[in-house]
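Shown below: protein33.csv, with CSV, C-alpha atoms (C1' of nucleotides).
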```
chain,number,residue,atom,x,y,z
A,1029,MET,CA,40.0,45.8,-2.7
A,1030,PRO,CA,41.2,45.4,-6.2
A,1031,GLU,CA,38.7,43.5,-8.4
A,1032,LEU,CA,38.6,43.2,-12.2
A,1033,PRO,CA,38.1,47.0,-12.9
A,1034,GLU,CA,40.9,48.0,-10.6
A,1035,VAL,CA,43.4,45.4,-12.0
A,1036,GLU,CA,42.4,46.3,-15.5
A,1037,THR,CA,43.1,50.0,-14.7
A,1038,ILE,CA,46.5,49.2,-13.2
A,1039,LYS,CA,47.3,47.1,-16.3
A,1040,SER,CA,46.4,49.8,-18.8
A,1041,GLU,CA,48.1,52.6,-16.9
A,1042,LEU,CA,51.3,50.5,-16.4
A,1043,GLU,CA,51.5,49.4,-20.0
A,1044,PRO,CA,53.3,52.5,-21.4
A,1045,CYS,CA,55.7,52.5,-18.5
A,1046,LEU,CA,56.6,48.7,-18.5
A,1047,VAL,CA,56.4,47.3,-22.0
A,1048,GLY,CA,59.8,47.2,-23.6
A,1049,ARG,CA,61.6,47.9,-20.4
A,1050,LYS,CA,64.1,45.6,-18.7
A,1051,PHE,CA,64.1,44.6,-15.0
A,1052,GLU,CA,67.4,45.8,-13.8
A,1053,GLU,CA,67.0,44.5,-10.2
A,1054,VAL,CA,64.2,42.9,-8.3
A,1055,VAL,CA,64.3,42.9,-4.5
A,1056,VAL,CA,61.8,40.8,-2.4
A,1057,GLY,CA,61.2,42.6,0.9
A,1058,ASP,CA,58.8,39.9,2.2
A,1059,ALA,CA,59.6,36.4,1.2
A,1060,THR,CA,56.1,35.1,2.1
A,1061,ALA,CA,54.8,37.0,-1.0
A,1062,VAL,CA,56.6,34.7,-3.4
A,1063,GLN,CA,54.9,31.4,-4.3
A,1064,GLY,CA,56.3,28.3,-5.8
A,1065,LEU,CA,60.0,29.0,-5.6
A,1066,PRO,CA,62.5,30.6,-3.2
A,1067,ALA,CA,62.6,34.4,-3.1
A,1068,GLY,CA,66.2,34.4,-4.3
A,1069,ARG,CA,65.4,32.5,-7.4
A,1070,PHE,CA,62.4,34.8,-8.0
A,1071,GLN,CA,64.7,37.8,-7.9
A,1072,ASP,CA,67.4,36.2,-10.0
A,1073,GLY,CA,64.9,34.8,-12.5
A,1074,LEU,CA,63.5,38.3,-13.2
A,1075,ALA,CA,66.7,40.3,-13.3
A,1076,GLY,CA,67.7,41.1,-16.9
A,1077,ARG,CA,64.3,40.1,-18.3
A,1078,THR,CA,62.5,42.4,-20.7
A,1079,VAL,CA,58.7,43.0,-20.4
A,1080,CYS,CA,57.1,42.1,-23.7
A,1081,GLY,CA,53.5,42.6,-22.7
A,1082,LEU,CA,50.9,43.0,-19.9
A,1083,ALA,CA,47.7,41.1,-19.5
A,1084,ARG,CA,44.9,40.6,-16.9
A,1085,ARG,CA,43.0,37.4,-16.2
A,1086,GLY,CA,40.3,37.8,-13.6
A,1087,LYS,CA,42.0,39.7,-10.7
A,1088,PHE,CA,45.5,38.4,-11.7
A,1089,PHE,CA,47.9,40.9,-13.2
A,1090,ILE,CA,50.3,39.2,-15.7
A,1091,VAL,CA,53.6,40.5,-16.9
A,1092,ARG,CA,54.8,38.5,-19.9
A,1093,LEU,CA,58.6,38.3,-20.3
A,1094,ASP,CA,60.9,37.9,-23.3
A,1095,ASN,CA,61.8,34.3,-22.3
A,1096,LYS,CA,58.2,33.2,-22.4
A,1097,GLN,CA,58.0,33.1,-18.6
A,1098,ALA,CA,55.4,35.3,-16.8
A,1099,LEU,CA,55.4,37.3,-13.6
A,1100,ILE,CA,52.0,37.0,-12.1
A,1101,ILE,CA,50.8,39.3,-9.2
A,1102,HIS,CA,47.6,39.0,-7.2
A,1103,LEU,CA,46.8,42.0,-5.0
A,1104,ARG,CA,44.2,40.3,-2.8
A,1105,MET,CA,42.8,42.9,-0.4
A,1106,THR,CA,45.2,45.7,0.1
A,1107,GLY,CA,47.9,45.2,-2.6
A,1108,ASN,CA,49.0,48.2,-4.7
A,1109,LEU,CA,51.4,48.5,-7.6
A,1110,ILE,CA,52.9,52.0,-7.4
A,1111,LEU,CA,55.4,53.6,-9.7
A,1112,GLU,CA,57.6,55.5,-7.3
A,1113,ASP,CA,58.2,59.1,-8.0
A,1114,LYS,CA,60.5,61.4,-6.0
A,1115,ASP,CA,58.2,64.3,-6.7
A,1116,ARG,CA,55.2,63.0,-4.9
A,1117,SER,CA,54.8,61.3,-1.6
A,1118,LEU,CA,52.7,58.1,-1.0
A,1119,PRO,CA,49.2,58.4,0.2
A,1120,SER,CA,49.0,58.1,4.0
A,1121,GLN,CA,47.2,54.7,3.7
A,1122,LEU,CA,50.4,53.3,2.0
A,1123,THR,CA,53.2,55.0,3.9
A,1124,HIS,CA,53.4,52.4,6.6
A,1125,ALA,CA,52.4,49.5,4.5
A,1126,ARG,CA,54.8,46.7,3.8
A,1127,VAL,CA,56.9,46.9,0.6
A,1128,ARG,CA,56.8,43.3,-0.4
A,1129,ALA,CA,58.9,43.6,-3.6
A,1130,THR,CA,60.4,46.3,-5.8
A,1131,PHE,CA,61.1,46.0,-9.5
A,1132,LYS,CA,63.8,48.4,-10.7
A,1133,LEU,CA,63.5,49.2,-14.4
A,1134,ASP,CA,66.4,50.0,-16.8
A,1135,ASN,CA,65.3,53.6,-17.0
A,1136,GLY,CA,65.8,54.1,-13.2
A,1137,ARG,CA,62.1,54.0,-12.3
A,1138,VAL,CA,60.9,51.6,-9.6
A,1139,LEU,CA,57.7,49.7,-9.5
A,1140,ALA,CA,56.8,48.8,-5.9
A,1141,PHE,CA,54.4,46.1,-4.7
A,1142,ILE,CA,53.0,47.6,-1.5
A,1143,ASP,CA,50.6,45.6,0.6
A,1144,ARG,CA,49.3,46.6,4.0
A,1145,ARG,CA,47.8,43.3,5.0
A,1146,ARG,CA,50.4,41.1,3.2
A,1147,LEU,CA,47.8,38.9,1.6
A,1148,GLY,CA,49.0,39.5,-2.0
A,1149,ARG,CA,51.0,37.0,-3.9
A,1150,VAL,CA,53.6,36.8,-6.7
A,1151,TRP,CA,54.6,34.0,-9.0
A,1152,LEU,CA,57.2,33.5,-11.7
A,1153,VAL,CA,56.1,30.7,-13.9
A,1154,ASN,CA,56.9,29.1,-17.3
A,1155,ASP,CA,53.2,28.8,-18.2
A,1156,GLU,CA,50.7,31.3,-16.9
A,1157,LYS,CA,48.0,28.6,-17.1
A,1158,GLU,CA,49.5,27.0,-14.0
A,1159,ILE,CA,48.0,29.9,-12.1
A,1160,VAL,CA,45.1,31.2,-14.1
A,1161,GLY,CA,44.1,28.0,-15.9
A,1162,LYS,CA,41.2,27.1,-13.6
A,1163,LEU,CA,39.5,30.5,-13.8
A,1164,GLY,CA,36.0,30.9,-15.4
A,1165,PRO,CA,35.4,33.0,-18.4
A,1166,GLU,CA,36.3,36.7,-18.6
A,1167,PRO,CA,33.0,38.5,-18.0
A,1168,LEU,CA,33.8,41.2,-20.6
A,1169,GLY,CA,35.1,38.7,-23.2
A,1170,ASP,CA,33.3,37.8,-26.4
A,1171,ASP,CA,32.9,34.2,-25.3
A,1172,PHE,CA,30.9,35.1,-22.2
A,1173,SER,CA,27.4,34.9,-23.7
A,1174,SER,CA,24.2,34.8,-21.8
A,1175,GLU,CA,23.8,31.2,-22.8
A,1176,VAL,CA,27.2,30.2,-21.5
A,1177,PHE,CA,26.4,32.0,-18.2
A,1178,ALA,CA,23.1,30.2,-17.9
A,1179,LYS,CA,24.8,26.9,-18.2
A,1180,LEU,CA,27.3,27.8,-15.5
A,1181,LEU,CA,24.6,28.9,-13.1
A,1182,ALA,CA,22.6,25.8,-13.6
A,1183,ARG,CA,25.4,23.8,-12.0
A,1184,HIS,CA,25.2,25.7,-8.7
A,1185,ARG,CA,22.5,25.8,-6.0
A,1186,ALA,CA,24.4,28.1,-3.7
A,1187,PRO,CA,23.3,31.7,-3.3
A,1188,ILE,CA,23.9,33.7,-6.4
A,1189,LYS,CA,26.0,36.2,-4.5
A,1190,ALA,CA,28.5,33.4,-3.6
A,1191,VAL,CA,28.4,32.0,-7.1
A,1192,LEU,CA,29.2,35.4,-8.6
A,1193,CYS,CA,32.3,35.6,-6.4
A,1194,ASP,CA,33.5,32.1,-7.3
A,1195,GLN,CA,36.4,32.7,-9.7
A,1196,ARG,CA,35.9,29.3,-11.3
A,1197,VAL,CA,32.4,30.4,-12.5
A,1198,VAL,CA,33.2,33.9,-13.7
A,1199,ALA,CA,36.6,35.6,-13.3
A,1200,GLY,CA,37.2,38.9,-11.6
A,1201,ILE,CA,34.0,39.7,-9.6
A,1202,GLY,CA,34.5,40.2,-5.9
A,1203,ASN,CA,32.3,41.1,-3.0
A,1204,MET,CA,31.8,44.8,-3.8
A,1205,TYR,CA,31.0,44.4,-7.5
A,1206,ALA,CA,28.8,41.4,-6.9
A,1207,ASP,CA,26.5,43.6,-4.8
A,1208,GLU,CA,26.4,46.3,-7.4
A,1209,VAL,CA,25.7,43.8,-10.2
A,1210,LEU,CA,22.9,42.1,-8.2
A,1211,TYR,CA,21.3,45.5,-7.5
A,1212,GLU,CA,21.5,46.5,-11.1
A,1213,ALA,CA,19.8,43.2,-12.1
A,1214,ARG,CA,17.2,43.5,-9.2
A,1215,ILE,CA,18.1,40.1,-7.9
A,1216,HIS,CA,18.2,39.2,-4.2
A,1217,PRO,CA,21.7,38.0,-3.2
A,1218,LEU,CA,20.3,34.8,-1.5
A,1219,THR,CA,18.5,33.6,-4.6
A,1220,LEU,CA,19.8,30.2,-5.5
A,1221,ALA,CA,21.9,30.3,-8.7
A,1222,ASN,CA,20.1,27.4,-10.4
A,1223,LYS,CA,16.7,28.9,-9.5
A,1224,LEU,CA,17.1,32.1,-11.6
A,1225,SER,CA,14.6,32.5,-14.4
A,1226,PRO,CA,15.9,32.9,-18.0
A,1227,ARG,CA,15.0,36.6,-17.9
A,1228,ALA,CA,16.7,37.1,-14.5
A,1229,THR,CA,19.8,35.3,-15.8
A,1230,SER,CA,19.8,37.6,-18.9
A,1231,ARG,CA,19.4,40.7,-16.7
A,1232,LEU,CA,22.3,39.5,-14.6
A,1233,HIS,CA,24.5,38.8,-17.5
A,1234,SER,CA,24.1,42.3,-18.9
A,1235,ALA,CA,24.4,43.9,-15.4
A,1236,ILE,CA,27.8,42.2,-15.0
A,1237,ARG,CA,29.0,43.7,-18.2
A,1238,SER,CA,27.6,47.1,-17.7
A,1239,VAL,CA,28.7,47.5,-14.1
A,1240,LEU,CA,32.2,46.3,-14.8
A,1241,ALA,CA,32.6,48.4,-18.0
A,1242,LYS,CA,31.5,51.5,-16.2
A,1243,ALA,CA,33.8,50.9,-13.3
A,1244,ILE,CA,36.7,50.5,-15.7
A,1245,ALA,CA,35.8,53.8,-17.4
A,1246,ASN,CA,35.9,55.3,-13.9
A,1247,LYS,CA,39.4,53.8,-13.2
A,1248,GLY,CA,38.3,51.6,-10.4
A,1249,ALA,CA,36.8,52.1,-7.0
A,1250,SER,CA,39.0,53.6,-4.2
A,1251,VAL,CA,36.9,52.5,-1.3
A,1252,ASP,CA,39.7,51.3,0.9
A,1253,THR,CA,43.4,51.3,0.0
A,1254,TYR,CA,43.3,51.1,-3.8
A,1255,PHE,CA,45.4,53.6,-5.7
A,1256,ARG,CA,46.5,53.7,-9.3
A,1257,PRO,CA,50.2,53.4,-10.2
A,1258,ASP,CA,50.5,57.2,-10.1
A,1259,CYS,CA,48.8,57.3,-6.7
A,1260,ARG,CA,45.6,58.8,-8.0
A,1261,GLN,CA,42.3,57.4,-6.9
A,1262,GLY,CA,39.6,55.9,-9.1
A,1263,THR,CA,36.0,57.3,-9.0
A,1264,ALA,CA,33.9,54.1,-9.6
A,1265,HIS,CA,32.8,54.1,-6.0
A,1266,HIS,CA,31.0,57.4,-6.5
A,1267,GLU,CA,28.5,55.5,-8.7
A,1268,PHE,CA,27.9,52.7,-6.2
A,1269,LYS,CA,24.2,52.4,-5.3
A,1270,VAL,CA,24.3,49.8,-2.5
A,1271,ALA,CA,27.9,48.6,-1.8
A,1272,HIS,CA,29.0,50.2,1.4
A,1273,HIS,CA,25.9,52.3,1.5
A,1274,LEU,CA,24.2,50.8,4.6
A,1275,HIS,CA,21.0,52.7,5.5
A,1276,ASP,CA,21.3,55.1,2.6
A,1277,GLU,CA,18.3,55.5,0.3
A,1278,CYS,CA,17.9,53.3,-2.7
A,1279,PRO,CA,17.9,55.6,-5.7
A,1280,LEU,CA,15.0,53.8,-7.2
A,1281,CYS,CA,12.5,53.2,-4.5
A,1282,GLY,CA,13.8,55.4,-1.7
A,1283,GLY,CA,13.9,52.4,0.7
A,1284,LYS,CA,16.9,51.8,2.9
A,1285,VAL,CA,19.9,49.8,1.9
A,1286,GLN,CA,20.2,46.7,4.1
A,1287,ARG,CA,23.2,44.6,5.0
A,1288,ILE,CA,23.2,40.8,5.5
A,1289,VAL,CA,26.0,38.3,5.7
A,1290,VAL,CA,26.2,35.8,2.8
A,1291,ARG,CA,28.8,33.0,3.1
A,1292,GLY,CA,30.6,35.1,5.7
A,1293,ARG,CA,30.8,38.2,3.5
A,1294,GLY,CA,29.0,41.5,4.1
A,1295,THR,CA,26.3,41.9,1.5
A,1296,TYR,CA,24.4,45.2,0.7
A,1297,PHE,CA,21.1,45.3,-1.2
A,1298,CYS,CA,17.7,47.0,-1.4
A,1299,PRO,CA,15.1,44.7,0.1
A,1300,ARG,CA,12.3,46.4,-1.9
A,1301,CYS,CA,13.9,46.2,-5.3
A,1302,GLN,CA,15.6,42.9,-4.8
A,1303,LYS,CA,13.0,40.4,-3.6
A,1304,LEU,CA,13.6,36.7,-2.9
A,1305,GLY,CA,11.8,34.4,-5.2
A,1306,ARG,CA,10.7,36.9,-7.7
A,1307,SER,CA,11.9,36.8,-11.3
A,1308,ARG,CA,10.3,39.3,-13.5
B,996,DC,C1',31.3,16.9,-8.4
B,997,DT,C1',29.5,20.9,-5.1
B,998,DT,C1',29.0,23.4,-0.7
B,999,DG,C1',30.4,25.9,3.3
B,1000,DG,C1',33.4,26.9,7.2
B,1001,DG,C1',38.0,28.2,9.0
B,1002,DA,C1',42.6,30.2,8.3
B,1003,DC,C1',45.5,33.7,6.8
B,1004,DC,C1',46.7,38.9,7.5
B,1005,DT,C1',46.7,43.8,9.8
B,1006,DG,C1',44.7,48.6,10.7
B,1007,DG,C1',40.7,50.5,12.4
B,1008,DC,C1',36.9,50.4,15.2
B,1009,DT,C1',34.0,48.9,19.3
B,1010,DG,C1',33.1,48.4,24.0
B,1011,DC,C1',34.5,47.8,28.6
C,107,DT,C1',42.7,57.0,28.1
C,108,DG,C1',44.0,52.1,27.3
C,109,DC,C1',43.5,47.9,25.4
C,110,DA,C1',41.5,43.3,24.1
C,111,DG,C1',38.9,41.5,20.7
C,112,DC,C1',36.4,41.8,16.5
C,113,DC,C1',35.9,42.9,11.6
C,114,DA,C1',37.0,43.6,6.7
C,115,DG,C1',37.3,39.9,2.2
C,116,DG,C1',40.2,36.9,-1.8
C,117,DT,C1',41.8,32.6,-1.9
C,118,DC,C1',43.2,28.1,-0.3
C,119,DC,C1',42.4,24.1,2.4
C,120,DC,C1',39.6,20.9,4.3
C,121,DA,C1',35.4,18.1,5.6
C,122,DA,C1',30.9,16.6,4.4
```

Could you render the structure from this file as structure tokens?
Amino acid sequence: MPELPEVETIKSELEPCLVGRKFEEVVVGDATAVQGLPAGRFQDGLAGRTVCGLARRGKFFIVRLDNKQALIIHLRMTGNLILEDKDRSLPSQLTHARVRATFKLDNGRVLAFIDRRRLGRVWLVNDEKEIVGKLGPEPLGDDFSSEVFAKLLARHRAPIKAVLCDQRVVAGIGNMYADEVLYEARIHPLTLANKLSPRATSRLHSAIRSVLAKAIANKGASVDTYFRPDCRQGTAHHEFKVAHHLHDECPLCGGKVQRIVVRGRGTYFCPRCQKLGRSR
DNA sequence: CTTGGGACCTGGCTGC
DNA sequence: TGCAGCCAGGTCCCAA
């Protein structure tokens, strides 16, 4: 499931292949992917446009065009952006997945938006703020200070796990990295956000930045169907301590990783290292 | 304003 | 062996 580190990896690996290239032809294979305008107008609006830059905001992938419009893609759960290559076949997880759109470049290469569960979305907009304007701060950005974070948390009395996954609070964290971040900060996922002590808040702030930065360095986590544009996997999941590690030993205390459900989402944590109501 | 529950979607798994 | 039904989770929509 692509979260911030996965989308950031896709963006940086596509940059040398896309920037400066022109879309020769765009074909929508699944019209439900296109939001805000008919699929035909999406195709026509992109044909002939040149890519002048790539960006990422939260989990949104942004392709900036020469006419100031932007193509925005959200991969949701199972979306992939794959640069097709005749010399290699798709991973088995993707071979029967739906091709929701293809973007043919002026050098003959084809970027394919492949999405097994069809939850991903694409937009073509005049102003990218229409889509990403309501997102909270970028967790790796300079303006995401511990003080800013503390003010955001003070407004919420929901479980911290749920608040971390709320894109209006902080952009880019999903279910899996929320668990890793909370483990790193030794905070129980059910702790109410506005009850975190200043020291816990500060630990959480630095855990967010270190966990995400390390995952980017490892090119994202291939726990399910995530592949990079060249079909290679990321290795960030090899470093996971609790996410998807049910009943495994906590590397710190040797206790067993437990799973609970928070706001309908599977949540992994170490009950001995992450205690409710404690804020060291 | 915030919170929380349901819907969407499909392949893989569980249990009868 | 077959198959119905559940589960995974990012986001949107809705009600309280």

Check your understanding: Counting only C-alpha atoms (C1' of nucleotides), which residues of chain A come no farther than 9 Å from chain C, as an MDAnalysis selection string?
Key -> chainID A and resid 1029 1103:1105 1147 1202:1203 1292:1294

Interface list for chain A, partner chain B, 9 Å threshold, only C-alpha atoms (C1' of nucleotides), as an mmCIF file with C-alpha atoms, in the coordinates of the input:
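Output saved as out_20.cif:
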```cif
data_model
loop_
_atom_site.group_PDB
_atom_site.id
_atom_site.type_symbol
_atom_site.label_atom_id
_atom_site.label_comp_id
_atom_site.auth_asym_id
_atom_site.auth_seq_id
_atom_site.Cartn_x
_atom_site.Cartn_y
_atom_site.Cartn_z
ATOM 1 C CA ARG A 1144 49.300 46.600 4.000
ATOM 2 C CA ARG A 1145 47.800 43.300 5.000
ATOM 3 C CA ARG A 1146 50.400 41.100 3.200
ATOM 4 C CA LEU A 1147 47.800 38.900 1.600
ATOM 5 C CA ARG A 1183 25.400 23.800 -12.000
ATOM 6 C CA HIS A 1184 25.200 25.700 -8.700
ATOM 7 C CA ARG A 1185 22.500 25.800 -6.000
ATOM 8 C CA ALA A 1186 24.400 28.100 -3.700
ATOM 9 C CA ARG A 1291 28.800 33.000 3.100
ATOM 10 C CA GLY A 1292 30.600 35.100 5.700
#
```

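Take CA of Pro1226 (chain A) and CA of Gly1169 (chain A): the distance between them is 20.7 Å.
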
Practice item. Identify which of the residues A:Thr1219, A:Pro1033, A:Ser1040, A:Glu1277 lies closest to Ala1199 (chain A), counting all atoms listed in the file when measuring atom-to-atom distances. Key: A:Pro1033

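Atom pair CA of Ile1142 (chain A) / CA of Pro1165 (chain A) has a distance of 28.4 Å (rounded to one decimal).
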
Exercise for review: Within 12 Å of Ala1213 (chain A), counting only C-alpha atoms (C1' of nucleotides), which residues show up once you throw out same-chain ones fewer than 6 positions away? Write them as a ChimeraX atom specification, please.
Suggested key: /A:1188,1206-1207,1224,1227-1239,1297-1298,1301-1303,1306-1308

Check your understanding: How many Å lie between CA of Lys1087 (chain A) and CA of Val1035 (chain A), rounded to one decimal?
Key -> 6.0 Å

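With all atoms listed in the file taken into account, the protein and nucleic acid residues at most 9 Å from Leu1180 (chain A) (excluding it and anything under 3 positions from it in its own chain) are Glu1175, Val1176, Phe1177, Arg1183, His1184, Val1197, Val1198 and Asn1222 of chain A.
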
Practice item. Identify, on the basis of all atoms listed in the file, every residue whose closest approach to region 1250-1267 of chain A does not exceed 6 Å; exclude the query and any residue fewer than 2 positions from it along the same chain; express the result as a PyMOL selection string. Key: chain A and resi 1038+1106+1109-1111+1243+1246-1248

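Using all atoms listed in the file, every residue with an atom at most 6 Å from the point (54.8, 35.6, -14.3) is listed here: A:Ile1090, A:Val1091, A:Gln1097, A:Ala1098, A:Leu1099, A:Ile1100, A:Trp1151, A:Leu1152, A:Val1153.
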
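Comparing the minimum interatomic distances between Thr1037 (chain A) and each of A:Phe1268, A:Tyr1205, A:Phe1089, A:Phe1141, counting all atoms listed in the file, we find that A:Phe1089 sits nearest.
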